[in-house]
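Written below as structure tokens is the structure these notes are about.
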Amino acid sequence: MKRIVILILFFCSVITAKAQFGGGSTLTGKISGTVIDSVTKKPVQYASIAIYLSQGKAPINGVLTDEKGSFKLYSIKPGSYRITITFIGGYKTKTINPVVTTPSKLDNNMGNIILSPDNKVLNEVQITGKGPLIENHIDKLVYNAEKDITNTGGNASDVLQKVPLVAVDINGNVSLRGDANVKVLINGKPSGAMSASLSDVLKTIPADQIKSIEVITSPSAKYDAEGSAGIINIITKQKNASGLSGSVSGGIGTRQNNGNFNLNYNKNRFSLSANIGGNLTWPQTSITKFNQSITSDTSHYTLQSIRNSTIKRYGTISSLTAGYDFNTYNSITSTFRYNRGGFNQNGPSTTNSATNSSSVIHGVTVDTSFSNQYQNNTIQHNLFYGFDWSMDYTHKFHKEGEELDLSAQWSHSAVNTNYTNTYTGESPYVNQRGLNDGTNNEYTFQLDYTLPISKILKFEAGGKTTIRRLNSNFDTFGGDDLDIIDPANSDLYNYNQNVYAGYSVFTFTLPKSYTILAGGRFENTAINGEAISDEPNLPPVDQNYNIFIPSLTIQKQFGTSQTVKLSYSKRITRPSLTYLNPFVNMSNPQSESEGNPNLSPEISQTIELNYNTFIKTSVINFSVYYKHINGLIESILGTNSLSDSTKGTISTYQNIGSNNSWGSSFFGSINPVKILTIRGSINAYTYNPDPNGAFVQDHSAEGTYIQYNAFAMAEVDLKTIVGQVFAIENSPRRTIQGTNPSFSLLGFGVRKQFDNKKASIGINVLQPFNKYKYFDQNINSPGLVQTSSTAFPFRSIGLTFSYSFGKITFSNPKPKNGNNPDDEKQDDQGGVGSAGGSK
């Protein structure tokens with residue numbers, strides 16, 4: 001490990017020596033701006049920008065505006081220049097002279113530049129400012145959540161349900177192509193809160209905070225290797241209009257209520273963005289029917305129960321981001337994000353159990369039977385909170401595209417669970433109270449370097465250190481007043497994990513429209529865990545392993561509308577504290593659980609062939625893939641004898657063997673008529689596990705199973721009125737012992753826009769034809785049959801609203817006292833992943 005650290009330090013010193021402020025040559029700056037249509041107030045894409053000396057005849061340089069109408073001209077020496085903006089066939093040519101930069105003020109942001117339509121061809125011009133809902137890039141798929149009106153008033157879990165290849169179950173657990181081992185990032189960075197309780201935290205993020213979601217099924221070596229399924233990167237909204245601007249949005253409904261407030265300030269080189277949002281659900285009561293049958297050579301035990309459970313969730317998440325550009329080459333950004341949420345759950349249950357057994361006494365077979373009925377009431381309070389604080393420094397060299405990024409982050413999260421179980425009637429169990437306090441501190445340090453070596457070759461390299469310190473304190477209490485600690489069922493667990501990584505990636509842009517992305521990543525993982533309890537004496541966890549992660553993507557572009565891509569990736573899923581803690585959790589004596597300190601990481605390898613094409617306004621994307629997993633981790637349910645008359649189950653995570661899966665995914669978008677857009681996606685894959693050792697006998701899922709998740713949506717756009725209807729269908733998910741619940745959903749929404757689309761009001765409806773949705777689970781292994789069915793209220797109707805405000809002018813900037821106007825920062829911050837994410 002010391003050698004790895006020394007190599008990274010040496011790498012940093014070499015790069016940093018070159019990255020001194022300003023370098024050794026004459027300083028240069030940049031000229032930037034945003035081109036706006038004078039009529040529609042929308043950005044003008046692909047306008048030609050040319051720069052001349054003020055009195056010169058030949059252009060010095062030129063660029064095209066991007067999809068936001070923005071442009072940047074780099075390596076501009078101090079002087080006086082003339083800028084021309086042209087768009088042949090649609091707008092009048094515009095000339096601005098002079099545009100001045102000085103040694104004391106190297107950068108000149110011209111702000112919003114108004115371009116007037118050419119009246120001679122005005123009738124032939126069509127402005128189409130609406131971008132696609134789904135985009136396909138060489139290394140990722142992007143779902144533009146802010147363009148989907150049915151997301152308003154929901155949360156991140158609701159948004160993820162509509163993302164191609166992604167599925168979300170009733171409990172908020174996220175899977176990618178059927179694999180739940182997915183790494184979820186926020187703006188390209190991991191979050192400690194996500195590590196502690198992903199499903200709960202996603203429910204606290206208002207959909208109105210989300211700009212887009214990136215899905216990366218074959219990550220390059222630049223990304224962390226964690227997450228065998230791939231990476232989901234949630235990009236939050238950050239507006240960059242000059243001056244002060246903001247928005248407020250939310251929804252009020254019969255199932256949940258959401259609100260979000262965003263405020264942005266940009267002036268000169270300084271930018272500040274603040275966001276706060278919250279979620280509150282009304283109390284929701286579900287009904288669960290549970291049946292269990294345990295059979296051995298001498299006994300047969302059956303149990304039936306019905307539980308009414310009421311749950312109420314709440315949560316808030318807020319962030320503050322500040323950035324400053326020292327000059328053209330050096331900038332710094334810091335983000336502080338805080339989240340807090342939880343849920344309260346309570347409800348009674350009635351249980352009937354019976355045991356029939358036989359035994360031989362003095363040579364005589366004796367049959368005995370027991371039966372009882374009892375009631376149980378559970379009250380549970382769950383609280384989670386934490387923060388992520390990151391600092392990023394970027395240095396750009398004089399060579400265009402050469403860049404050095406330094407990043408550090410501290411993530412702190414805590415989870416507190418307090419439950420009380422009380423029993424009445426013929427209960428075999430005693431009353432119990434439990435407290436579980438868990439904390440997680442995660443420290444990340446990262447360096448990334450990018451160097452365009454030539455027109456055909458780009459080099460990227462970097463190193464990363466992740467230090468995790470987790471603590472879990474579990475206390476149980478008994479006695480008449482539930483205030484006497486039970487040392488046998490209490491536990492203190494300390495868990496340390498260090499990951500050291502280094503990577504390099506090469507991008508080759510070759511003739512005949514070929515692009516190759518190839519790289520490798522090396523990661524060393526050191527784990528140490530220690531359980532401290534009076535009894536039993538639990539063994540410590542001590543693991544240290546290395547892994548090499550290669551990645552390769554080859555893409556061929558045909559014309560301007562078709563691409564074919566072949567990729568290979570390797571991923572790792574490291575067992576976390578929940579999986580490794582060997583302490584037996586007895587909070588529910590009927591269904592106990594324990595960790596496995598001997599659990600090994602899960603390794604997956606995926607090969608994917610992808611085809612993407614654009615046909616006029618339609619897009620088609622099709623993939624086939626093969627995935628092999630070694631050390632497949634699943635929760636195995638076994639029987640547990642609690643007494644002569646009472647049986648139960650205990651679940652333990654195990655490396656059950658391997659799995660080979662073939663899959664195919666498709667998504668498409670068509671516009672049969674101008675006002676109508678139809679979108680759909682489906683992902684289907686096989687499940688065919690190959691268990692080894694003792695787990696062969698647990699294998700009730702014989703054969704090959706096909707699983708799928710599908711999404712369809714239709715949208716009608718009548719300019720100021722937009723309507724959508726969508727449907728989601730996810731098949732049951734298999735394990736070697738049975739099936740987990742399926743999920744389906746139907747919804748629609750209508751939105752009316754006002755005040756030049758700065759304000760809107762709408763209505764969203766979910767599951768209009770059925771009040772309850774039913775979620776069924778089945779487990780079947782030798783000696784054990786278990787089924788459950790939960791009816792959860794899903795039907796809802798809600799009112800949504802949004803309003804954007806701010807003083808944003810669309811006029812030519814006018815000089816002040818003969819000087820150029822103040823710089824106005826136009827860099828797009830939204831959708832740009834920081835260290836560890838996409839660039």
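Scheme for the structure tokens: letters A, B, ... for chains in order shown; per-chain residue numbers from 1; ligand numbers from 1 in order shown.
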Residue list (helix (DSSP H, G or I), DSSP) for range 589-737 of chain A, as a VMD selection string: chain A and resid 693 to 696
Find the residues around Val99 in chain A up to 8 Å (only C-alpha atoms counted), leave out those fewer than 3 positions away in its own chain, and share them as a list in words. Ser80, Tyr81, Arg82, Ile83, Ile96, Asn108 and Asn820 of chain A
Long-range neighbours of Thr720 in chain A as an mmCIF file with all heavy atoms, in the first residue's frame, 12 Å cut-off, only C-alpha atoms, 4 positions minimum in chain:
```
data_model
loop_
_atom_site.group_PDB
_atom_site.id
_atom_site.type_symbol
_atom_site.label_atom_id
_atom_site.label_comp_id
_atom_site.auth_asym_id
_atom_site.auth_seq_id
_atom_site.Cartn_x
_atom_site.Cartn_y
_atom_site.Cartn_z
ATOM 1 N N ILE A 675 -47.583 17.542 -32.591
ATOM 2 C CA ILE A 675 -47.897 17.819 -31.187
ATOM 3 C C ILE A 675 -47.765 16.580 -30.304
ATOM 4 O O ILE A 675 -47.852 16.683 -29.079
ATOM 5 C CB ILE A 675 -49.318 18.379 -31.047
ATOM 6 C CG1 ILE A 675 -50.350 17.340 -31.502
ATOM 7 C CG2 ILE A 675 -49.462 19.683 -31.812
ATOM 8 C CD1 ILE A 675 -51.783 17.733 -31.203
ATOM 9 N N VAL A 716 -48.638 15.141 -25.256
ATOM 10 C CA VAL A 716 -49.241 16.085 -26.192
ATOM 11 C C VAL A 716 -48.843 17.495 -25.777
ATOM 12 O O VAL A 716 -49.078 17.903 -24.631
ATOM 13 C CB VAL A 716 -50.779 15.949 -26.210
ATOM 14 C CG1 VAL A 716 -51.386 17.009 -27.123
ATOM 15 C CG2 VAL A 716 -51.188 14.557 -26.667
ATOM 16 N N VAL A 750 -51.312 16.924 -16.376
ATOM 17 C CA VAL A 750 -51.596 18.038 -17.279
ATOM 18 C C VAL A 750 -51.034 19.300 -16.646
ATOM 19 O O VAL A 750 -51.188 19.518 -15.426
ATOM 20 C CB VAL A 750 -53.109 18.198 -17.527
ATOM 21 C CG1 VAL A 750 -53.368 19.399 -18.431
ATOM 22 C CG2 VAL A 750 -53.701 16.939 -18.139
ATOM 23 N N ARG A 751 -50.379 20.138 -17.459
ATOM 24 C CA ARG A 751 -49.778 21.370 -16.941
ATOM 25 C C ARG A 751 -50.116 22.540 -17.860
ATOM 26 O O ARG A 751 -50.032 22.429 -19.081
ATOM 27 C CB ARG A 751 -48.258 21.235 -16.833
ATOM 28 C CG ARG A 751 -47.578 22.485 -16.259
ATOM 29 C CD ARG A 751 -46.084 22.292 -16.154
ATOM 30 N NE ARG A 751 -45.455 22.108 -17.462
ATOM 31 C CZ ARG A 751 -44.163 21.864 -17.634
ATOM 32 N NH1 ARG A 751 -43.387 21.731 -16.584
ATOM 33 N NH2 ARG A 751 -43.663 21.721 -18.851
ATOM 34 N N LYS A 752 -50.506 23.653 -17.251
ATOM 35 C CA LYS A 752 -50.784 24.892 -17.969
ATOM 36 C C LYS A 752 -49.704 25.914 -17.597
ATOM 37 O O LYS A 752 -49.431 26.139 -16.418
ATOM 38 C CB LYS A 752 -52.171 25.415 -17.589
ATOM 39 C CG LYS A 752 -52.475 26.832 -18.058
ATOM 40 C CD LYS A 752 -52.547 26.968 -19.574
ATOM 41 C CE LYS A 752 -52.955 28.391 -19.977
ATOM 42 N NZ LYS A 752 -52.951 28.579 -21.431
ATOM 43 N N GLN A 753 -49.090 26.552 -18.606
ATOM 44 C CA GLN A 753 -48.026 27.521 -18.378
ATOM 45 C C GLN A 753 -48.527 28.940 -18.591
ATOM 46 O O GLN A 753 -49.373 29.189 -19.451
ATOM 47 C CB GLN A 753 -46.841 27.232 -19.307
ATOM 48 C CG GLN A 753 -46.186 25.880 -19.032
ATOM 49 C CD GLN A 753 -45.116 25.541 -20.036
ATOM 50 O OE1 GLN A 753 -45.327 25.634 -21.241
ATOM 51 N NE2 GLN A 753 -43.961 25.141 -19.547
ATOM 52 N N PHE A 754 -47.991 29.870 -17.785
ATOM 53 C CA PHE A 754 -48.405 31.277 -17.831
ATOM 54 C C PHE A 754 -47.172 32.170 -17.895
ATOM 55 O O PHE A 754 -46.038 31.723 -17.679
ATOM 56 C CB PHE A 754 -49.207 31.648 -16.581
ATOM 57 C CG PHE A 754 -50.391 30.757 -16.316
ATOM 58 C CD1 PHE A 754 -50.257 29.632 -15.517
ATOM 59 C CD2 PHE A 754 -51.628 31.045 -16.854
ATOM 60 C CE1 PHE A 754 -51.342 28.805 -15.265
ATOM 61 C CE2 PHE A 754 -52.721 30.231 -16.605
ATOM 62 C CZ PHE A 754 -52.577 29.113 -15.806
ATOM 63 N N ASP A 755 -47.419 33.457 -18.145
ATOM 64 C CA ASP A 755 -46.394 34.492 -18.000
ATOM 65 C C ASP A 755 -45.116 34.124 -18.744
ATOM 66 O O ASP A 755 -44.035 34.053 -18.159
ATOM 67 C CB ASP A 755 -46.104 34.737 -16.514
ATOM 68 C CG ASP A 755 -45.301 36.011 -16.286
ATOM 69 O OD1 ASP A 755 -45.225 36.827 -17.220
ATOM 70 O OD2 ASP A 755 -44.749 36.172 -15.173
ATOM 71 N N ASN A 756 -45.277 33.870 -20.048
ATOM 72 C CA ASN A 756 -44.117 33.531 -20.884
ATOM 73 C C ASN A 756 -43.384 32.305 -20.339
ATOM 74 O O ASN A 756 -42.156 32.230 -20.328
ATOM 75 C CB ASN A 756 -43.152 34.717 -20.990
ATOM 76 C CG ASN A 756 -42.199 34.551 -22.164
ATOM 77 O OD1 ASN A 756 -42.506 33.847 -23.138
ATOM 78 N ND2 ASN A 756 -41.047 35.190 -22.077
ATOM 79 N N LYS A 757 -44.161 31.334 -19.834
ATOM 80 C CA LYS A 757 -43.685 30.053 -19.320
ATOM 81 C C LYS A 757 -42.849 30.187 -18.041
ATOM 82 O O LYS A 757 -42.145 29.254 -17.666
ATOM 83 C CB LYS A 757 -42.898 29.290 -20.388
ATOM 84 C CG LYS A 757 -43.738 28.895 -21.592
ATOM 85 C CD LYS A 757 -42.970 27.991 -22.540
ATOM 86 C CE LYS A 757 -43.869 27.557 -23.697
ATOM 87 N NZ LYS A 757 -43.182 26.640 -24.620
ATOM 88 N N LYS A 758 -42.938 31.308 -17.361
ATOM 89 C CA LYS A 758 -42.250 31.447 -16.085
ATOM 90 C C LYS A 758 -43.047 30.841 -14.945
ATOM 91 O O LYS A 758 -42.495 30.563 -13.880
ATOM 92 C CB LYS A 758 -41.955 32.923 -15.794
ATOM 93 C CG LYS A 758 -40.903 33.545 -16.703
ATOM 94 C CD LYS A 758 -40.399 34.865 -16.170
ATOM 95 C CE LYS A 758 -41.513 35.898 -16.115
ATOM 96 N NZ LYS A 758 -41.002 37.221 -15.661
ATOM 97 N N ALA A 759 -44.339 30.628 -15.140
ATOM 98 C CA ALA A 759 -45.196 30.061 -14.104
ATOM 99 C C ALA A 759 -46.026 28.939 -14.702
ATOM 100 O O ALA A 759 -46.323 28.930 -15.906
ATOM 101 C CB ALA A 759 -46.104 31.132 -13.499
ATOM 102 N N SER A 760 -46.381 27.965 -13.869
ATOM 103 C CA SER A 760 -47.211 26.867 -14.333
ATOM 104 C C SER A 760 -48.011 26.301 -13.173
ATOM 105 O O SER A 760 -47.639 26.434 -12.006
ATOM 106 C CB SER A 760 -46.351 25.763 -14.960
ATOM 107 O OG SER A 760 -45.607 25.086 -13.969
ATOM 108 N N ILE A 761 -49.113 25.661 -13.519
ATOM 109 C CA ILE A 761 -49.935 24.949 -12.555
ATOM 110 C C ILE A 761 -50.416 23.679 -13.240
ATOM 111 O O ILE A 761 -50.661 23.672 -14.447
ATOM 112 C CB ILE A 761 -51.115 25.810 -12.056
ATOM 113 C CG1 ILE A 761 -51.842 25.100 -10.910
ATOM 114 C CG2 ILE A 761 -52.064 26.152 -13.185
ATOM 115 C CD1 ILE A 761 -52.851 25.987 -10.211
ATOM 116 N N GLY A 762 -50.493 22.588 -12.477
ATOM 117 C CA GLY A 762 -50.853 21.328 -13.098
ATOM 118 C C GLY A 762 -51.500 20.369 -12.133
ATOM 119 O O GLY A 762 -51.665 20.656 -10.940
#
```
Test item: residues at most 12 Å from Ile484 in chain A, only C-alpha atoms, excluding those fewer than 3 positions along its chain, as a VMD selection string: chain A and resid 431 to 434 475 to 481 487 to 490
Save the residues we just selected, all heavy atoms, as a tab-separated table (two decimals), in the first residue's frame?
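Wrote again.tsv, looks like this:
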```tsv
chain	number	residue	atom	x	y	z
A	431	ASN	N	-41.76	-9.04	25.81
A	431	ASN	CA	-41.69	-7.67	25.33
A	431	ASN	C	-40.24	-7.23	25.19
A	431	ASN	O	-39.36	-7.64	25.97
A	431	ASN	CB	-42.44	-6.73	26.27
A	431	ASN	CG	-43.92	-7.05	26.33
A	431	ASN	OD1	-44.46	-7.70	25.45
A	431	ASN	ND2	-44.58	-6.58	27.39
A	432	GLN	N	-39.99	-6.36	24.23
A	432	GLN	CA	-38.60	-5.96	23.96
A	432	GLN	C	-38.57	-4.54	23.41
A	432	GLN	O	-39.45	-4.11	22.68
A	432	GLN	CB	-37.97	-6.92	22.94
A	432	GLN	CG	-36.48	-6.67	22.70
A	432	GLN	CD	-35.94	-7.56	21.59
A	432	GLN	OE1	-36.17	-7.32	20.42
A	432	GLN	NE2	-35.22	-8.61	21.98
A	433	ARG	N	-37.54	-3.81	23.79
A	433	ARG	CA	-37.28	-2.48	23.26
A	433	ARG	C	-35.86	-2.45	22.71
A	433	ARG	O	-34.95	-3.03	23.31
A	433	ARG	CB	-37.46	-1.41	24.34
A	433	ARG	CG	-37.22	0.02	23.83
A	433	ARG	CD	-37.65	1.04	24.90
A	433	ARG	NE	-36.83	0.96	26.10
A	433	ARG	CZ	-35.70	1.67	26.29
A	433	ARG	NH1	-35.28	2.49	25.34
A	433	ARG	NH2	-35.02	1.55	27.41
A	434	GLY	N	-35.66	-1.78	21.59
A	434	GLY	CA	-34.33	-1.74	20.98
A	434	GLY	C	-33.93	-0.36	20.53
A	434	GLY	O	-34.77	0.44	20.11
A	475	ASP	N	-28.50	-1.78	21.20
A	475	ASP	CA	-28.85	-2.16	22.57
A	475	ASP	C	-30.29	-2.64	22.61
A	475	ASP	O	-31.18	-2.03	22.01
A	475	ASP	CB	-28.70	-0.98	23.53
A	475	ASP	CG	-27.25	-0.58	23.74
A	475	ASP	OD1	-26.39	-1.49	23.72
A	475	ASP	OD2	-26.98	0.63	23.88
A	476	THR	N	-30.52	-3.73	23.32
A	476	THR	CA	-31.89	-4.22	23.54
A	476	THR	C	-32.17	-4.22	25.04
A	476	THR	O	-31.26	-4.42	25.87
A	476	THR	CB	-32.09	-5.63	22.97
A	476	THR	OG1	-31.15	-6.53	23.58
A	476	THR	CG2	-31.87	-5.64	21.48
A	477	PHE	N	-33.47	-4.02	25.38
A	477	PHE	CA	-33.89	-3.89	26.77
A	477	PHE	C	-35.10	-4.77	27.01
A	477	PHE	O	-35.94	-4.99	26.13
A	477	PHE	CB	-34.25	-2.43	27.09
A	477	PHE	CG	-33.13	-1.46	26.88
A	477	PHE	CD1	-32.90	-0.92	25.62
A	477	PHE	CD2	-32.32	-1.08	27.93
A	477	PHE	CE1	-31.86	-0.02	25.42
A	477	PHE	CE2	-31.29	-0.18	27.74
A	477	PHE	CZ	-31.05	0.36	26.48
A	478	GLY	N	-35.19	-5.29	28.24
A	478	GLY	CA	-36.33	-6.10	28.65
A	478	GLY	C	-36.79	-5.69	30.04
A	478	GLY	O	-36.53	-4.57	30.50
A	479	GLY	N	-37.48	-6.60	30.72
A	479	GLY	CA	-38.00	-6.29	32.05
A	479	GLY	C	-39.39	-5.69	31.96
A	479	GLY	O	-39.91	-5.41	30.87
A	480	ASP	N	-40.00	-5.49	33.11
A	480	ASP	CA	-41.37	-4.98	33.15
A	480	ASP	C	-41.50	-3.61	32.51
A	480	ASP	O	-42.50	-3.32	31.84
A	480	ASP	CB	-41.87	-4.93	34.61
A	480	ASP	CG	-41.97	-6.31	35.22
A	480	ASP	OD1	-42.10	-7.29	34.45
A	480	ASP	OD2	-41.91	-6.42	36.47
A	481	ASP	N	-40.51	-2.76	32.73
A	481	ASP	CA	-40.57	-1.40	32.19
A	481	ASP	C	-39.68	-1.24	30.95
A	481	ASP	O	-39.44	-0.10	30.51
A	481	ASP	CB	-40.15	-0.39	33.27
A	481	ASP	CG	-41.11	-0.39	34.44
A	481	ASP	OD1	-42.32	-0.56	34.20
A	481	ASP	OD2	-40.64	-0.23	35.59
A	487	PRO	N	-27.66	-7.93	27.75
A	487	PRO	CA	-26.30	-7.94	27.17
A	487	PRO	C	-26.12	-8.99	26.08
A	487	PRO	O	-25.33	-8.80	25.16
A	487	PRO	CB	-25.40	-8.22	28.38
A	487	PRO	CG	-26.29	-8.89	29.37
A	487	PRO	CD	-27.65	-8.29	29.18
A	488	ALA	N	-26.88	-10.09	26.15
A	488	ALA	CA	-26.72	-11.14	25.14
A	488	ALA	C	-27.22	-10.70	23.78
A	488	ALA	O	-26.81	-11.23	22.75
A	488	ALA	CB	-27.44	-12.41	25.59
A	489	ASN	N	-28.12	-9.72	23.78
A	489	ASN	CA	-28.69	-9.25	22.52
A	489	ASN	C	-28.30	-7.80	22.23
A	489	ASN	O	-29.02	-7.10	21.52
A	489	ASN	CB	-30.22	-9.38	22.55
A	489	ASN	CG	-30.66	-10.82	22.60
A	489	ASN	OD1	-30.10	-11.67	21.93
A	489	ASN	ND2	-31.67	-11.11	23.42
A	490	SER	N	-27.20	-7.35	22.79
A	490	SER	CA	-26.69	-6.00	22.53
A	490	SER	C	-25.31	-6.12	21.89
A	490	SER	O	-24.59	-7.10	22.08
A	490	SER	CB	-26.61	-5.19	23.83
A	490	SER	OG	-27.89	-5.05	24.42
```
Residues within 10 Å of Phe290 in chain A, please, as a CSV table (one decimal) with all heavy atoms, in the first residue's frame. Count only C-alpha atoms; anything in the same chain fewer than 5 positions from it doesn't count.
```csv
chain,number,residue,atom,x,y,z
A,303,LEU,N,-47.7,-21.1,10.6
A,303,LEU,CA,-48.0,-19.8,11.2
A,303,LEU,C,-48.7,-18.9,10.2
A,303,LEU,O,-48.4,-18.9,8.9
A,303,LEU,CB,-46.7,-19.1,11.6
A,303,LEU,CG,-46.8,-17.7,12.2
A,303,LEU,CD1,-45.7,-17.6,13.3
A,303,LEU,CD2,-46.6,-16.6,11.2
A,304,GLN,N,-49.7,-18.2,10.7
A,304,GLN,CA,-50.5,-17.3,9.8
A,304,GLN,C,-50.6,-16.0,10.6
A,304,GLN,O,-51.0,-16.0,11.8
A,304,GLN,CB,-51.9,-17.9,9.5
A,304,GLN,CG,-51.8,-19.1,8.6
A,304,GLN,CD,-53.2,-19.6,8.3
A,304,GLN,OE1,-54.2,-19.4,9.1
A,304,GLN,NE2,-53.4,-20.2,7.2
A,305,SER,N,-50.4,-14.9,10.0
A,305,SER,CA,-50.5,-13.6,10.7
A,305,SER,C,-51.1,-12.5,9.7
A,305,SER,O,-50.9,-12.7,8.5
A,305,SER,CB,-49.2,-13.1,11.3
A,305,SER,OG,-48.3,-12.7,10.3
A,306,ILE,N,-51.7,-11.5,10.3
A,306,ILE,CA,-52.2,-10.4,9.5
A,306,ILE,C,-51.8,-9.1,10.3
A,306,ILE,O,-52.0,-9.1,11.5
A,306,ILE,CB,-53.7,-10.5,9.2
A,306,ILE,CG1,-54.1,-9.3,8.3
A,306,ILE,CG2,-54.5,-10.6,10.5
A,306,ILE,CD1,-55.5,-9.4,7.8
A,307,ARG,N,-51.2,-8.2,9.6
A,307,ARG,CA,-50.7,-7.0,10.2
A,307,ARG,C,-51.2,-5.7,9.5
A,307,ARG,O,-51.2,-5.6,8.3
A,307,ARG,CB,-49.2,-6.9,10.3
A,307,ARG,CG,-48.6,-5.6,10.9
A,307,ARG,CD,-47.1,-5.6,10.8
A,307,ARG,NE,-46.6,-6.6,11.7
A,307,ARG,CZ,-46.4,-6.4,13.0
A,307,ARG,NH1,-46.7,-5.3,13.6
A,307,ARG,NH2,-45.9,-7.4,13.8
A,351,THR,N,-51.5,-13.3,15.3
A,351,THR,CA,-50.8,-14.4,14.8
A,351,THR,C,-51.4,-15.7,15.3
A,351,THR,O,-51.7,-15.8,16.5
A,351,THR,CB,-49.3,-14.4,15.1
A,351,THR,OG1,-48.7,-13.2,14.6
A,351,THR,CG2,-48.6,-15.6,14.6
A,776,ASP,N,-46.5,-9.3,-3.7
A,776,ASP,CA,-46.4,-10.6,-3.3
A,776,ASP,C,-45.0,-11.2,-3.3
A,776,ASP,O,-44.3,-10.9,-4.3
A,776,ASP,CB,-47.3,-11.5,-4.2
A,776,ASP,CG,-48.8,-11.1,-4.2
A,776,ASP,OD1,-49.2,-10.6,-3.1
A,776,ASP,OD2,-49.4,-11.2,-5.2
A,777,GLN,N,-44.7,-11.9,-2.3
A,777,GLN,CA,-43.3,-12.5,-2.2
A,777,GLN,C,-43.5,-14.0,-1.9
A,777,GLN,O,-44.4,-14.4,-1.1
A,777,GLN,CB,-42.5,-11.9,-1.1
A,777,GLN,CG,-41.1,-12.4,-1.0
A,777,GLN,CD,-40.3,-11.8,0.2
A,777,GLN,OE1,-40.8,-11.8,1.3
A,777,GLN,NE2,-39.1,-11.3,-0.1
A,786,GLN,N,-42.7,-20.0,2.5
A,786,GLN,CA,-43.1,-18.7,3.1
A,786,GLN,C,-43.7,-17.8,2.0
A,786,GLN,O,-43.1,-17.6,1.0
A,786,GLN,CB,-41.9,-18.1,3.8
A,786,GLN,CG,-42.2,-16.8,4.5
A,786,GLN,CD,-41.0,-16.3,5.3
A,786,GLN,OE1,-40.6,-16.9,6.2
A,786,GLN,NE2,-40.5,-15.2,4.8
A,787,THR,N,-44.9,-17.2,2.3
A,787,THR,CA,-45.5,-16.3,1.4
A,787,THR,C,-46.0,-15.1,2.1
A,787,THR,O,-46.3,-15.2,3.3
A,787,THR,CB,-46.7,-17.0,0.6
A,787,THR,OG1,-47.7,-17.3,1.6
A,787,THR,CG2,-46.3,-18.2,-0.1
A,788,SER,N,-46.0,-14.0,1.4
A,788,SER,CA,-46.6,-12.7,2.0
A,788,SER,C,-47.2,-11.9,0.9
A,788,SER,O,-46.8,-11.9,-0.3
A,788,SER,CB,-45.5,-11.9,2.7
A,788,SER,OG,-44.5,-11.4,1.8
A,789,SER,N,-48.3,-11.2,1.3
A,789,SER,CA,-48.9,-10.3,0.3
A,789,SER,C,-49.3,-9.0,1.1
A,789,SER,O,-49.9,-9.0,2.1
A,789,SER,CB,-50.2,-10.9,-0.2
A,789,SER,OG,-50.9,-10.1,-1.1
A,790,THR,N,-48.7,-7.9,0.5
A,790,THR,CA,-49.0,-6.6,1.1
A,790,THR,C,-49.8,-5.7,0.2
A,790,THR,O,-49.5,-5.5,-1.0
A,790,THR,CB,-47.6,-5.9,1.4
A,790,THR,OG1,-46.9,-6.7,2.3
A,790,THR,CG2,-47.8,-4.5,2.0
```
Spatial neighbours of Ser175 in chain A, max dist 12 Å, only C-alpha atoms, sep filter under 4 positions, as an NGL selection string: :A and (157 or 160-161 or 163-169 or 171 or 179-184 or 198-199 or 215 or 217 or 227-232 or 683 or 708-709 or 730 or 733)
Given only C-alpha atoms as the counted atoms, nearest of A:Ile736, A:Ala727, A:Ile603, A:Leu133 to Ser569 in chain A: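 Closest candidate: A:Ile603.
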Atomic separation - CA of Ser618 in chain A relative to CA of Thr686 in chain A, Å: 29.1 Å
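The nearest approach to Val415 in chain A among the residues A:Ala791, A:Ala684, A:Ile60, A:Val201, with only C-alpha atoms taken into account, belongs to A:Val201.
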From the list A:Pro59, A:Thr507, A:Ile467, A:Asn173, the nearest residue to Asn740 in chain A using only C-alpha atoms is A:Asn173
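Shell of His628 in chain A at 6 Å, with only C-alpha atoms counted and residues fewer than 5 places along the chain excluded, is Ser604, Gln605, Asn659 and Asn660 of chain A.
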Using only C-alpha atoms, which residue out of A:Asn136, A:Gln562, A:Thr515, A:Ser635 lies closest to Arg734 in chain A?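 With only C-alpha atoms as the atom set, the closest residue is A:Ser635.
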Based on the backbone DSSP call, show me all residues of range 511-735 of chain A assigned strand (DSSP E or B), as a count of residues only. 161
Enter the distance from CA of Leu609 in chain A to CA of Tyr685 in chain A, in Å, rounded to one decimal.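 Computing it gives 14.5 Å between the two atoms.
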